[in-house]
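> Structure incoming, see below.
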Amino acid sequence: MSTLEVRDVWHRYPDADAPALRGASVAVADGEMVSVVGPSGSGKSTLLRVAAGLLRSTSGEVLVDGRDVADQPTERRDLTVMFQHPLLFEHLDVAGNVAFAPRLAGSGRREARRCARRYLRLVHLEGMDSRDVASLSGGQQQRVALARALAAERGALLLDEPFSSLDRELRASMHDLLVEVRAALAPTILMVTHDLDEAALAESSVVLIDGRVHQHAPMTEIYRRPATVAVARLLGGFTEIAGTVRDGVHHCAWGRLPVAAEGAGDGAAVLLVRREALRLEVDADLGAGPGIGARVVRRRPIGTRVVVSLVGDDDSPLEVELPVGEDVRPGARFRVVLSDRRAPQWAVRDERPGSAAPALAGEPEEDTRRPVVDGGRSSVGPA
Amino acid sequence: MSGAAPGIVAITVVAGTGMAAVVATSVGLMPLYGKPAPSLDGWRSAAPDLVAGIGESLLIALPATVLAALVGFLLAALMLGGGRAASVVRLACLAVLAVPHLVGATSVSLLLSDGGVAARLAAPAGGDGWPALVGGPWPVATVLELAWKESAFVALVVLAAVAPGHRMRMQVAAGLGARPVQRVLRVLVPTAAPAVGAASLVTLVYAIGSYEVAWLLGRAVPEPLPVLAFRLFGSIELTDRPAAAAAAVTGSALALCVAVPALAALPRLRSLSTGGAP
């Protein structure tokens, strides 16, 4: 296996108003798995396609085992790609598909099929060598696609939303399978996904928003301490409290709240409080300590809990998560307070519209080098 | 299947009635005048021409089909490659399809005959004179005209069959390490094979049954089966009608002999092309 690094990559699609990637960098160590998450149109798939050589970046480097392969076509990059749809070769049977790469590498037919059977066993499809791929279920087809990608035995495996076309149950079984495969083979994996649970399968996750890397950390850390307001919004479940940090204290309409030292320094900052860390007090006007009066707008059940949306007295939107059964009706007034008033809160620099957002680095000139694979059309695709 | 039933019924009635009438005519059961009387005189009188006609028909149809399949596949591959060249080729194919065979045959005659444009352009180079491509011992012009027209047909059929998902298939293959030539040989060719086979079969059957190109560009003797049938049907000798019908029946039988096994083999073409493994 190999290391994979995408360094300061910019990409702009023809006729696009803005770059799809703005200096994005991701590094994956040997045998490590890194996931890339982000909202639709954030540039996740573009990043993966640039790494794979399916798309020519405007600028930046793609390093496989430390070697810059930005000028190399896909087939020479020592990595393989697995897409959202299995895209199995219908003219080949199951083993024929898995044996595709070994055959390309020069293995004889019998040897390649023997190798294919080994990988089919790994994905729990033993005995299905001669099956027509069209006769397989969606989950089985995706297993064959995974076996085919693994059988290529290339340095790194790029997964582009590989399980998003499967239903929840199948996706869960594919997640288990991926864990098994990693335990058995320790492949280097870069996976793009919009599923945060899926992203958590990786050692670390990169949050890509508007073509920029906002955070690269383990998913638990991202959930605990989102680096920006945009990351918090992607994760969902945070209430944003605008204000100013001075000397480790956040001053806002709620009052004064202590902030974690690792967060934003002095200046405009947004407190990001998980909705389950808030509670409602009955009397909206007479509460003590930090908090804010708010009116309930609506309630939305999520399993055994209910999410209550409120509008604060300063017109800020708030969300509080409560057990089902709490008597909270639209129109009622409460005081929203922190469950633990003394715990330091997580504050991030306020980059929201209207605040002083950090300036982006200048966009490099368009690179007019030839596309890598499949003619110029390959440079136009979904972000 | 039930949705296609009206179409199948219409085709069966028209084609079936026509074939029954031609067969009946060939064996004397539908004479132009007089009482119907079973007779093989039509078959007997045309037998030598029928045998020669089968050979001539295959001599035209087989190479024309092979050429059309090869050129058509290459054109389809060009179109699948994308870019400006693909647009030009696609437009050219559509334009070629719109030209009637009769017009195409006339154009080829003006281009390739002894006094044609090509002969005149080649004249200053000297040599032994222009070969008899039109009306000569080998049906070169006929084959070229059919291949020219039908290659556009094959190309568009293959394009329609292969284009969906083509780019992604190529990207997957590249990701698995396939070089451009390997992608063509191991992915594009087997993926396109069923469409090429089906379009070629249509071309072959058409070439066996088409008379106007061979009539304009071919030699007088021997005549391919459709030209023979056409000539005998137009003969002032009304007793030639059973022989004309016999030629038509032979042409149809020849087409069926080619089409039925080919149709049976088509579904297996995909696996035959690779044997289930790359």
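Ordering of the structure tokens sets the chain letters (A, B, ...), residue numbers begin anew at 1 in every chain, and ligands are numbered from 1 in the order given.
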Neighbouring residues of stretch 300-317 of chain A were defined as those with any atom within 12 Å, considering only C-alpha atoms; residues of the same chain fewer than 2 positions away were excluded. Please report them as a PyMOL selection string.

chain A and resi 236-243+252-254+274-276+278-280+284-285+291-298+319-337

> Identify all chain A residues at most 6 Å from chain B by counting only C-alpha atoms; ligands do not count. Present them as a PyMOL selection string.

chain A and resi 74-75+80-81+91-93+96+100-101+152

> Keeping C-alpha atoms, export the residues of the selection given above as a compact mmCIF listing (two decimals), in the first residue's frame.


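This went into result.txt:
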```txt
# COMPACT_ATOMS: atom_id res chain seq x y z
CA THR A 74 -5.28 7.37 -14.07
CA GLU A 75 -3.94 3.95 -15.00
CA THR A 80 -8.06 2.55 -8.05
CA VAL A 81 -11.52 4.08 -7.86
CA HIS A 91 -19.85 -8.85 -20.55
CA LEU A 92 -17.99 -10.58 -17.73
CA ASP A 93 -19.24 -12.87 -15.01
CA GLY A 96 -14.33 -12.17 -14.62
CA PHE A 100 -10.10 -7.88 -14.64
CA ALA A 101 -7.13 -6.13 -13.05
CA ALA A 152 -6.29 -4.52 -8.46
```

> What residues in stretch 110-259 of chain A get the DSSP label strand (DSSP E)? Please answer as JSON, numbers by chain.

{"A": [156, 157, 158, 159, 160, 188, 189, 190, 191, 192, 204, 205, 206, 207, 208, 209, 212, 213, 214, 215, 216, 217, 238, 239, 240, 241, 242, 243, 244, 245, 246, 249, 250, 251, 252, 255, 256, 257, 258]}

> In terms of the shortest atom-to-atom distance over only C-alpha atoms, which of A:Leu55, A:Gly43, A:Ala199, A:Arg233 is closest to A:Thr220?

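Under the stated criterion, the closest residue is A:Ala199.
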
> Would you kindly return, as number ranges by chain, each protein, DNA or RNA residue with an atom no farther than 10 Å from any atom of B:Leu232, considering only C-alpha atoms and excluding same-chain residues fewer than 5 positions away?

B: 46, 226-227, 237-245, 247

> Emit the selected residues as a PDB file, in the first residue's frame, including all heavy atoms.


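See again.pdb below for the written result:
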```
ATOM      1  N   ALA B  46     -35.298 -21.470 -63.934  1.00  0.00           N
ATOM      2  CA  ALA B  46     -34.398 -20.466 -63.342  1.00  0.00           C
ATOM      3  C   ALA B  46     -33.253 -21.086 -62.548  1.00  0.00           C
ATOM      4  O   ALA B  46     -32.392 -20.361 -62.051  1.00  0.00           O
ATOM      5  CB  ALA B  46     -35.204 -19.548 -62.426  1.00  0.00           C
ATOM      6  N   PRO B 226     -31.931 -10.591 -56.050  1.00  0.00           N
ATOM      7  CA  PRO B 226     -32.965  -9.547 -56.173  1.00  0.00           C
ATOM      8  C   PRO B 226     -33.009  -8.920 -57.561  1.00  0.00           C
ATOM      9  O   PRO B 226     -34.083  -8.570 -58.054  1.00  0.00           O
ATOM     10  CB  PRO B 226     -32.590  -8.526 -55.113  1.00  0.00           C
ATOM     11  CG  PRO B 226     -31.232  -8.855 -54.662  1.00  0.00           C
ATOM     12  CD  PRO B 226     -30.969 -10.272 -54.990  1.00  0.00           C
ATOM     13  N   VAL B 227     -31.827  -8.774 -58.207  1.00  0.00           N
ATOM     14  CA  VAL B 227     -31.799  -8.202 -59.555  1.00  0.00           C
ATOM     15  C   VAL B 227     -32.463  -9.172 -60.537  1.00  0.00           C
ATOM     16  O   VAL B 227     -33.241  -8.778 -61.417  1.00  0.00           O
ATOM     17  CB  VAL B 227     -30.348  -7.886 -59.990  1.00  0.00           C
ATOM     18  CG1 VAL B 227     -30.299  -7.402 -61.441  1.00  0.00           C
ATOM     19  CG2 VAL B 227     -29.753  -6.835 -59.063  1.00  0.00           C
ATOM     20  N   GLU B 237     -42.312 -11.404 -71.097  1.00  0.00           N
ATOM     21  CA  GLU B 237     -42.756 -12.804 -71.166  1.00  0.00           C
ATOM     22  C   GLU B 237     -43.453 -13.151 -69.839  1.00  0.00           C
ATOM     23  O   GLU B 237     -42.818 -13.329 -68.797  1.00  0.00           O
ATOM     24  CB  GLU B 237     -41.524 -13.699 -71.349  1.00  0.00           C
ATOM     25  CG  GLU B 237     -41.834 -15.156 -71.598  1.00  0.00           C
ATOM     26  CD  GLU B 237     -42.628 -15.379 -72.874  1.00  0.00           C
ATOM     27  OE1 GLU B 237     -42.099 -15.107 -73.966  1.00  0.00           O
ATOM     28  OE2 GLU B 237     -43.799 -15.821 -72.752  1.00  0.00           O
ATOM     29  N   LEU B 238     -44.769 -13.201 -69.874  1.00  0.00           N
ATOM     30  CA  LEU B 238     -45.519 -13.392 -68.626  1.00  0.00           C
ATOM     31  C   LEU B 238     -45.234 -14.744 -67.969  1.00  0.00           C
ATOM     32  O   LEU B 238     -45.411 -14.904 -66.770  1.00  0.00           O
ATOM     33  CB  LEU B 238     -47.018 -13.241 -68.896  1.00  0.00           C
ATOM     34  CG  LEU B 238     -47.452 -11.834 -69.328  1.00  0.00           C
ATOM     35  CD1 LEU B 238     -48.954 -11.795 -69.534  1.00  0.00           C
ATOM     36  CD2 LEU B 238     -47.033 -10.792 -68.325  1.00  0.00           C
ATOM     37  N   THR B 239     -44.761 -15.705 -68.764  1.00  0.00           N
ATOM     38  CA  THR B 239     -44.452 -17.019 -68.175  1.00  0.00           C
ATOM     39  C   THR B 239     -43.191 -16.969 -67.314  1.00  0.00           C
ATOM     40  O   THR B 239     -42.859 -17.945 -66.645  1.00  0.00           O
ATOM     41  CB  THR B 239     -44.261 -18.060 -69.290  1.00  0.00           C
ATOM     42  OG1 THR B 239     -43.299 -17.535 -70.214  1.00  0.00           O
ATOM     43  CG2 THR B 239     -45.562 -18.346 -70.005  1.00  0.00           C
ATOM     44  N   ASP B 240     -42.485 -15.821 -67.329  1.00  0.00           N
ATOM     45  CA  ASP B 240     -41.307 -15.684 -66.452  1.00  0.00           C
ATOM     46  C   ASP B 240     -41.700 -15.408 -65.006  1.00  0.00           C
ATOM     47  O   ASP B 240     -40.843 -15.439 -64.120  1.00  0.00           O
ATOM     48  CB  ASP B 240     -40.414 -14.531 -66.942  1.00  0.00           C
ATOM     49  CG  ASP B 240     -39.573 -14.926 -68.147  1.00  0.00           C
ATOM     50  OD1 ASP B 240     -39.517 -16.146 -68.442  1.00  0.00           O
ATOM     51  OD2 ASP B 240     -39.006 -14.033 -68.795  1.00  0.00           O
ATOM     52  N   ARG B 241     -42.979 -15.119 -64.783  1.00  0.00           N
ATOM     53  CA  ARG B 241     -43.382 -14.763 -63.425  1.00  0.00           C
ATOM     54  C   ARG B 241     -43.068 -15.858 -62.377  1.00  0.00           C
ATOM     55  O   ARG B 241     -42.562 -15.550 -61.301  1.00  0.00           O
ATOM     56  CB  ARG B 241     -44.882 -14.441 -63.377  1.00  0.00           C
ATOM     57  CG  ARG B 241     -45.221 -13.063 -63.928  1.00  0.00           C
ATOM     58  CD  ARG B 241     -44.622 -11.966 -63.018  1.00  0.00           C
ATOM     59  NE  ARG B 241     -44.788 -10.656 -63.601  1.00  0.00           N
ATOM     60  CZ  ARG B 241     -45.816  -9.858 -63.386  1.00  0.00           C
ATOM     61  NH1 ARG B 241     -46.787 -10.258 -62.600  1.00  0.00           N
ATOM     62  NH2 ARG B 241     -45.892  -8.678 -63.962  1.00  0.00           N
ATOM     63  N   PRO B 242     -43.360 -17.129 -62.652  1.00  0.00           N
ATOM     64  CA  PRO B 242     -43.005 -18.155 -61.651  1.00  0.00           C
ATOM     65  C   PRO B 242     -41.494 -18.188 -61.383  1.00  0.00           C
ATOM     66  O   PRO B 242     -41.079 -18.369 -60.235  1.00  0.00           O
ATOM     67  CB  PRO B 242     -43.474 -19.457 -62.300  1.00  0.00           C
ATOM     68  CG  PRO B 242     -44.564 -19.037 -63.237  1.00  0.00           C
ATOM     69  CD  PRO B 242     -44.128 -17.712 -63.773  1.00  0.00           C
ATOM     70  N   ALA B 243     -40.684 -17.986 -62.415  1.00  0.00           N
ATOM     71  CA  ALA B 243     -39.222 -17.975 -62.213  1.00  0.00           C
ATOM     72  C   ALA B 243     -38.818 -16.769 -61.358  1.00  0.00           C
ATOM     73  O   ALA B 243     -37.945 -16.876 -60.475  1.00  0.00           O
ATOM     74  CB  ALA B 243     -38.505 -17.928 -63.563  1.00  0.00           C
ATOM     75  N   ALA B 244     -39.472 -15.621 -61.628  1.00  0.00           N
ATOM     76  CA  ALA B 244     -39.193 -14.426 -60.815  1.00  0.00           C
ATOM     77  C   ALA B 244     -39.557 -14.698 -59.363  1.00  0.00           C
ATOM     78  O   ALA B 244     -38.805 -14.343 -58.433  1.00  0.00           O
ATOM     79  CB  ALA B 244     -39.997 -13.248 -61.354  1.00  0.00           C
ATOM     80  N   ALA B 245     -40.704 -15.340 -59.174  1.00  0.00           N
ATOM     81  CA  ALA B 245     -41.129 -15.667 -57.803  1.00  0.00           C
ATOM     82  C   ALA B 245     -40.151 -16.633 -57.155  1.00  0.00           C
ATOM     83  O   ALA B 245     -39.846 -16.514 -55.956  1.00  0.00           O
ATOM     84  CB  ALA B 245     -42.539 -16.259 -57.821  1.00  0.00           C
ATOM     85  N   ALA B 247     -36.986 -16.811 -57.735  1.00  0.00           N
ATOM     86  CA  ALA B 247     -35.792 -16.029 -57.348  1.00  0.00           C
ATOM     87  C   ALA B 247     -36.060 -15.265 -56.046  1.00  0.00           C
ATOM     88  O   ALA B 247     -35.200 -15.195 -55.162  1.00  0.00           O
ATOM     89  CB  ALA B 247     -35.422 -15.060 -58.468  1.00  0.00           C
TER      90      ALA B 247
END
```

> Could you tell me, as a ChimeraX atom specification, which residues of stretch 118-226 of chain A DSSP assigns to alpha helix (DSSP H) when given the backbone?

/A:118-122,138-151,168-185,196-199,219-224

> Of the candidates A:Pro86, A:Pro102, A:Met33, A:Leu158, which shows the shortest atom-to-atom distance to A:Ser137, using only C-alpha atoms?

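Once distances to A:Ser137 are computed over only C-alpha atoms, the minimum belongs to A:Pro86.
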
> Find the residues around stretch 123-137 of chain B up to 7 Å (only C-alpha atoms counted), leave out those fewer than 4 positions away in its own chain, and share them as a ChimeraX atom specification.

/B:109,112-114,119,141,217-219

> Quick one: residues within 7 Å of A:Met191, only C-alpha atoms, excluding same-chain residues fewer than 3 positions away - as a ChimeraX atom specification?

/A:34-36,158-160

> Please save N, CA, C and O atoms of the selected residues as a compact mmCIF listing (two decimals), in the first residue's frame.


```
# COMPACT_ATOMS: atom_id res chain seq x y z
N VAL A 34 -9.12 7.86 5.31
CA VAL A 34 -9.57 9.24 5.55
C VAL A 34 -10.87 9.44 4.78
O VAL A 34 -10.97 9.04 3.61
N SER A 35 -11.84 10.01 5.44
CA SER A 35 -13.10 10.29 4.72
C SER A 35 -13.19 11.79 4.44
O SER A 35 -12.64 12.60 5.19
N VAL A 36 -13.88 12.11 3.36
CA VAL A 36 -14.13 13.51 3.00
C VAL A 36 -15.63 13.72 3.04
O VAL A 36 -16.37 13.04 2.33
N LEU A 158 -9.71 4.71 -3.81
CA LEU A 158 -10.54 5.90 -3.72
C LEU A 158 -12.00 5.48 -3.82
O LEU A 158 -12.39 4.84 -4.80
N LEU A 159 -12.78 5.82 -2.82
CA LEU A 159 -14.18 5.42 -2.80
C LEU A 159 -15.05 6.67 -2.93
O LEU A 159 -14.99 7.56 -2.08
N ASP A 160 -15.85 6.72 -3.98
CA ASP A 160 -16.69 7.89 -4.23
C ASP A 160 -18.14 7.57 -3.85
O ASP A 160 -18.86 6.97 -4.64
```
